[in-house]
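Undergrad: This is target.txt, which holds compact mmCIF, C-alpha atoms:
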# COMPACT_ATOMS: atom_id res chain seq x y z
CA MET G 326 144.12 37.01 -1.38
CA THR G 327 144.36 36.68 -5.13
CA GLU G 328 141.14 36.87 -7.10
CA ASN G 329 140.84 37.15 -10.89
CA GLY G 330 144.56 37.98 -11.18
CA LYS G 331 144.30 40.77 -8.58
CA THR G 332 145.80 40.80 -5.09
CA ILE G 333 143.35 42.12 -2.50
CA CYS G 334 143.95 42.97 1.16
CA ASN G 335 142.06 40.47 3.31
CA CYS G 336 141.38 43.13 5.96
CA CYS G 337 140.05 46.14 4.03
CA GLY G 338 139.32 44.61 0.62
CA ARG G 339 141.46 47.16 -1.22
CA GLU G 340 143.12 46.01 -4.43
CA LEU G 341 146.90 46.30 -4.12
CA GLU G 342 148.52 48.44 -6.79
CA ARG G 343 150.58 46.71 -9.42
CA CYS G 344 153.75 47.92 -11.10
CA GLY G 345 154.63 45.53 -13.92
CA GLU G 346 154.86 42.01 -12.51
CA ARG G 347 155.08 43.19 -8.88
CA TYR G 348 152.50 44.37 -6.36
CA GLU G 349 153.05 47.11 -3.80
CA ASP G 350 154.86 45.71 -0.78
CA HIS G 351 152.54 43.91 1.63
CA LEU G 352 152.49 41.10 4.16
CA HIS G 353 151.79 37.70 2.61
CA ILE G 354 151.07 34.93 5.11
CA ILE G 355 150.75 31.19 4.49
CA LYS G 356 150.05 29.03 7.53
CA ASN G 357 149.69 25.25 7.54
CA TRP G 358 148.11 24.26 10.85
CA GLY G 359 149.36 21.09 12.49
CA TYR G 360 148.56 18.75 15.32
CA LEU G 361 147.21 20.03 18.62
CA SER G 362 145.56 23.07 17.06
CA THR G 363 141.88 23.74 16.55
CA GLN G 364 142.64 24.17 12.82
CA ASP G 365 144.45 20.83 12.46
CA GLY G 366 144.91 20.01 8.76
CA ILE G 367 143.82 23.47 7.53
CA ALA G 368 145.97 25.75 5.34
CA GLU G 369 145.34 29.51 5.31
CA GLU G 370 146.71 32.19 3.00
CA MET G 371 146.23 35.96 3.24
CA ASP G 372 147.58 39.32 2.08
CA ILE G 373 147.62 42.38 4.36
CA CYS G 374 148.27 45.92 3.05
CA PRO G 375 150.68 48.20 4.99
CA GLY G 376 147.87 50.34 6.45
CA CYS G 377 145.95 47.37 7.81
CA LEU G 378 149.17 45.84 9.14
CA ALA G 379 149.93 49.04 11.09
CA ASN G 380 146.38 49.04 12.53
CA TRP G 381 146.62 45.35 13.44
CA GLU G 382 150.03 45.76 15.12
CA ARG G 383 148.58 48.47 17.40
CA THR G 384 146.36 45.78 18.94
CA PHE G 385 149.31 43.52 19.88
CA ALA G 386 150.19 43.21 23.57
CA ILE G 387 153.85 42.85 22.54
CA ALA G 388 155.05 44.82 19.51
CA PRO G 389 156.89 42.93 16.75
CA ARG G 390 160.67 43.04 16.96
CA ARG G 391 162.09 45.35 14.28
CA TYR G 392 165.60 45.70 12.97
CA ARG G 393 167.36 47.22 9.98
CA MET G 394 168.32 44.92 7.16
CA THR G 395 171.78 45.39 5.71
CA GLU G 396 170.89 43.97 2.30
CA LEU G 397 167.72 44.81 0.41
CA LEU G 398 166.56 42.47 -2.31
Please rewrite the model in this file as structure tokens.
TA:
Amino acid sequence: MTENGKTICNCCGRELERCGERYEDHLHIIKNWGYLSTQDGIAEEMDICPGCLANWERTFAIAPRRYRMTELL
């Protein structure tokens, strides 16, 4: 989440480090909920630091699919 020009991890509350105009790499999620969901018409946005993402993924019943990218931007 961005607060006062700072990006903060929604899980642990740690401020993400900044290098110039960029923040350390992290997971940024924007979800617009649609029909047939309990959050119909709600939009959510969050930022997850790499450490919290690793902890969260350990709770998944099915691990995320991973693959190597051939081009890095």
Undergrad: Which residues, written as number ranges by chain, have at least one atom at most 9 Å from Ile354 of chain G, with all atoms listed in the file counted and residues fewer than 2 positions away on the same chain left out?
TA: G: 352, 356, 369-373
Undergrad: Save out the residues we just selected, C-alpha atoms, as a CSV table (one decimal), in the frame of the given file.
TA:
chain,number,residue,atom,x,y,z
G,352,LEU,CA,152.5,41.1,4.2
G,356,LYS,CA,150.0,29.0,7.5
G,369,GLU,CA,145.3,29.5,5.3
G,370,GLU,CA,146.7,32.2,3.0
G,371,MET,CA,146.2,36.0,3.2
G,372,ASP,CA,147.6,39.3,2.1
G,373,ILE,CA,147.6,42.4,4.4
Undergrad: What is the atom CA of Leu378 of chain G-atom CA of His353 of chain G distance in Å, reported with one decimal?
TA: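 Interatomic distance, atom CA of Leu378 of chain G to atom CA of His353 of chain G: 10.8 Å.
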Undergrad: What does the distance between atom CA of Cys337 of chain G and atom CA of Cys377 of chain G come to in Å, to one decimal place?
TA: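 Atom-to-atom, atom CA of Cys337 of chain G to atom CA of Cys377 of chain G, that is 7.1 Å.
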Undergrad: Provide the atom CA of Pro375 of chain G to atom CA of Thr332 of chain G distance in Å, to one decimal place.
TA: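 These atoms are spaced 13.4 Å apart.
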Undergrad: Taking 3 positions as the minimum chain separation for residues in the same chain, which residues sit within 10 Å of Ile333 of chain G when counting all atoms listed in the file? Answer as a short mmCIF file (atom, residue, chain, number, x, y, z; two decimals) with C-alpha atoms, in the coordinates of the input.
TA:
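Here's the written file around21.cif:
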data_model
loop_
_atom_site.label_atom_id
_atom_site.label_comp_id
_atom_site.auth_asym_id
_atom_site.auth_seq_id
_atom_site.Cartn_x
_atom_site.Cartn_y
_atom_site.Cartn_z
CA MET G 326 144.12 37.01 -1.38
CA THR G 327 144.36 36.68 -5.13
CA GLU G 328 141.14 36.87 -7.10
CA GLY G 330 144.56 37.98 -11.18
CA CYS G 336 141.38 43.13 5.96
CA CYS G 337 140.05 46.14 4.03
CA GLY G 338 139.32 44.61 0.62
CA ARG G 339 141.46 47.16 -1.22
CA GLU G 340 143.12 46.01 -4.43
CA LEU G 341 146.90 46.30 -4.12
CA GLU G 342 148.52 48.44 -6.79
CA MET G 371 146.23 35.96 3.24
CA ASP G 372 147.58 39.32 2.08
CA ILE G 373 147.62 42.38 4.36
CA CYS G 374 148.27 45.92 3.05
#
Undergrad: Quick one: axis-aligned box around all listed atoms of segment 356-360 of chain G, 6 Å on every side, centre and edge lengths in Å to one decimal, written as AutoDock Vina command-line options.
TA:
--center_x 149.1 --center_y 23.9 --center_z 11.4 --size_x 13.9 --size_y 22.3 --size_z 19.8
Undergrad: Using all atoms listed in the file, find the one residue out of G:Gly376, G:Lys331, G:Tyr360, G:Met394 that sits nearest to Glu346 of chain G.
TA: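 Between G:Gly376, G:Lys331, G:Tyr360, G:Met394, the residue approaching Glu346 of chain G most closely is G:Lys331.
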Undergrad: Of the candidates G:Ile387, G:Arg343, G:Tyr392, G:Ile355, which shows the shortest atom-to-atom distance to Ile367 of chain G, using all atoms listed in the file?
TA: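 Once distances to Ile367 of chain G are computed over all atoms listed in the file, the minimum belongs to G:Ile355.
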Undergrad: Nearest to Ala379 of chain G among G:Arg393, G:Asp365, G:His351, G:Gly345, with distances taken over all atoms listed in the file: which residue is it?
TA: G:His351
